[in-house]
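Enquirer: Here it is, the structure, as structure tokens.
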Amino acid sequence: MHPGGDAVSRFGATILDASGTRLSHEEKAFFREADPFGFILFGRNIETPEQVHALTSEMREAVGRDAVITIDQEGGRVQRLRPPHWTGWDAPLDEVRRAGPRAAEAMRLRYRIMAEELRALGVDSNCAPLVDVIAEATHEFLTDRCYGDAPDAVGEIGAAVAEGLLAGGVLPVVKHIPGHGRASCDSHLELPRVAASAEDLRAVDFAPFARLADQPMAMTAHVVYEALDDLPATLSPKVIGTIRDEIGFDGLLMTDDISMKALKGTPEEISRASLKAGCDVVLLCNADLATRAVVAEASGRMSSAAQARAEAAMARRQVACEVDIRALKAKLAELQ
């Protein structure tokens, strides 16, 4: 596969999910045709280690390549893998506060351990780190998923999280670029609007993302930044331009889930608008097969630039060095 090759050789500009614990015949046929860039797993897709590994294998077999498979495994309320088969994690903010000045090292170890569990299942990406900066207005759906209220510290911890994941062979997805911390409502339910000045956004919200601008993948925020545009970031060429040119992120840019209620319009309208704005790939979650097909059709194949970024991101996957997970867990416990 050559970066920027002909349209037929490019990946579908989507990341999609499955309805259950194994692919149906209809899903296999659909994924073979749509050839999404990657897949995402949810709780409904997870029962046992053996079952998850079989599902990820089916996903890759359907597209005929080593597609990226991601998951939301932050800890706390947002973790798809849970006991008894996998480690149960406290919310990230609780971990950070316990570790105090050693938070970056603790979080690096935490996500290196997570990476080991993910790779054993065939999952090679995680939607973390989350480097939104806590503000007075931060909605409760987000607060304990954050790492703090100081941009420099958040950036340092976020870089450590990414390092831990990459060391374990897992691609990090930095979120929610360019910053969700000032949002006072839940973007799953409504569209947040942020009235902060451009200067304040640059000094606080954008700073951790600039620190992580070299990471392979990032996820947009469904948030309006009134100082920049009246469109939510995911649909705004101006905000995407800020992400690329000012923050300096040149990795693969995926939307947050386009089925969230923050975005208005039909799935196909939102798909086209996000790609036109400058996103590389559309994330659609929790949809029926018919909707997935509509979004795949509307999104089409990746642009030449998006394909090059996708291949660069995939090239960042590495074979993890063998580690003693029990020793890592013991070391993490000492830092808490």
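Lettering and numbering for the structure tokens are positional, with chains as A, B, ... in the shown order, residues counted from 1 in each chain, and ligands counted from 1 in the shown order.
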Give me, as a list in words, all polymer residues having an atom no more than 6 Å from A:His139, counting only C-alpha atoms and skipping those fewer than 3 positions away in the same chain.
Expert: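 Returned residues: Leu142, Ser184 and Cys185 of chain A.
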Enquirer: Hey, what's within 12 Å of A:Arg326 if we count only C-alpha atoms and toss same-chain stuff fewer than 2 positions away? As a ChimeraX atom specification, please?
Expert: /A:87,109-110,112-113,116,323-324,328-333
Enquirer: What's around stretch 299-316 of chain A at 6 Å? Count only C-alpha atoms, leave out sequence neighbours fewer than 3 positions away in its own chain, and write the answer as an mmCIF file with C-alpha atoms, in the first residue's frame.
Expert:
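This is the output file out16.cif:
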```cif
data_model
loop_
_atom_site.group_PDB
_atom_site.id
_atom_site.type_symbol
_atom_site.label_atom_id
_atom_site.label_comp_id
_atom_site.auth_asym_id
_atom_site.auth_seq_id
_atom_site.Cartn_x
_atom_site.Cartn_y
_atom_site.Cartn_z
ATOM 1 C CA PRO A 3 0.553 6.581 0.688
ATOM 2 C CA GLY A 4 -1.831 8.561 -1.467
ATOM 3 C CA ARG A 10 -7.344 3.544 0.091
ATOM 4 C CA PHE A 11 -9.133 2.543 3.289
ATOM 5 C CA GLY A 12 -12.742 3.419 3.889
ATOM 6 C CA ALA A 13 -12.859 6.692 5.834
ATOM 7 C CA PRO A 216 -0.266 9.046 15.838
ATOM 8 C CA GLY A 251 -1.482 12.624 12.856
ATOM 9 C CA LEU A 252 -4.692 10.853 11.917
ATOM 10 C CA SER A 271 -20.047 12.385 7.797
ATOM 11 C CA ASP A 280 -9.510 12.117 8.214
ATOM 12 C CA VAL A 295 -22.240 6.366 6.671
ATOM 13 C CA ALA A 296 -19.711 4.170 4.881
#
```
Enquirer: To one decimal in Å, tell me the separation between atom CA of A:Val282 and atom CA of A:Pro237.
Expert: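 Computed distance, atom CA of A:Val282 to atom CA of A:Pro237, equals 15.2 Å.
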Enquirer: For atom CA of A:Arg272 and atom CA of A:Phe37, determine how far apart the two atoms are, in Å to one decimal place.
Expert: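 Atom CA of A:Arg272 sits 16.2 Å away from atom CA of A:Phe37.
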Enquirer: I want to know what sits within 8 Å of A:Arg80, based on only C-alpha atoms, with residues of the same chain fewer than 6 positions away left out; could you give that as an MDAnalysis selection string?
Expert: chainID A and resid 41:43 46 71:73
Enquirer: Take atom CA of A:Lys276 and atom CA of A:Lys175 and report the distance between them in Å, one decimal.
Expert: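 Separation of atom CA of A:Lys276 and atom CA of A:Lys175: 20.4 Å.
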Enquirer: Between A:Ile325, A:Ala150, A:Ser236, A:His188, which is the closest to A:Ile258 once you count only C-alpha atoms?
Expert: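 Among the listed residues, the smallest separation from A:Ile258 belongs to A:His188.
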Enquirer: Report the residues of stretch 17-258 of chain A whose backbone DSSP state falls under strand (DSSP E), written as a ChimeraX atom specification.
Expert: /A:36-41,68-71,73-75,78-79,125-126,171-177,193-194,217-220,224-225,252-254
Enquirer: Set the distance at 6 Å and use only C-alpha atoms: which residues neighbour A:Leu93 once local chain neighbours fewer than 4 positions away are removed? I'd like the list as a PyMOL selection string.
Expert: chain A and resi 144-147
Enquirer: Of the candidates A:Ser259, A:Asn45, A:Gln336, A:Thr234, which one gets nearest to A:Leu275 if we count only C-alpha atoms?
Expert: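 Using only C-alpha atoms, the shortest distance to A:Leu275 belongs to A:Thr234.
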Enquirer: Could you give me, as a list in words, the residues within 12 Å of A:Asp186, counting only C-alpha atoms and dropping anything in the same chain fewer than 6 positions from it?
Expert: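 Residues meeting the cut-off are Ala137, Thr138, His139, Glu140, Phe141, Leu142, Thr143, His180, Pro192, Arg193, Ala221, His222, Val223, Met260, Lys261 and Ala262 of chain A.
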Enquirer: Between A:Asp124, A:Asp214, A:Glu61, A:Asp149, which is the closest to A:Leu171 once you count only C-alpha atoms?
Expert: A:Asp124
Enquirer: What lies within 10 Å of A:Ala153 using only C-alpha atoms, ignoring chain neighbours under 3 positions off, as a list of chain:residue names?
Expert: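 Listed by chain and then number, they are A:Pro101, A:Ala103, A:Ala104, A:Val131, A:Val133, A:Tyr147, A:Gly148, A:Asp149, A:Ala150, A:Glu156, A:Ile157, A:Gly158, A:Ala159, A:Pro208.
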Enquirer: Between A:Ala135, A:Val239, A:Ala162, A:Ala320, which is the closest to A:Val174 once you count only C-alpha atoms?
Expert: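 Going through A:Ala135, A:Val239, A:Ala162, A:Ala320 one by one, the smallest distance to A:Val174 is for A:Ala162.
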Enquirer: Out of A:Leu228, A:Ala99, A:Ile134, A:Leu284, which residue has the shortest atom-to-atom distance to A:Ala198 when counting only C-alpha atoms?
Expert: A:Leu228
Enquirer: For A:Val52, which residue among A:Ala120, A:Ala195, A:Val96, A:Ile15 is the nearest when counting only C-alpha atoms?
Expert: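 Nearest candidate to A:Val52 out of A:Ala120, A:Ala195, A:Val96, A:Ile15: A:Ala120.
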Enquirer: Taking the DSSP secondary structure from the backbone, can you list the residues of stretch 124-222 of chain A that are alpha helix (DSSP H), as a list of chain:residue names?
Expert: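 Matching residues, listed in order: A:Glu140, A:Phe141, A:Leu142, A:Thr143, A:Pro151, A:Asp152, A:Ala153, A:Val154, A:Gly155, A:Glu156, A:Ile157, A:Gly158, A:Ala159, A:Ala160, A:Val161, A:Ala162, A:Glu163, A:Gly164, A:Leu165, A:Leu166, A:Ala167, A:Ala198, A:Glu199, A:Asp200, A:Ala207, A:Pro208, A:Phe209, A:Ala210, A:Arg211.
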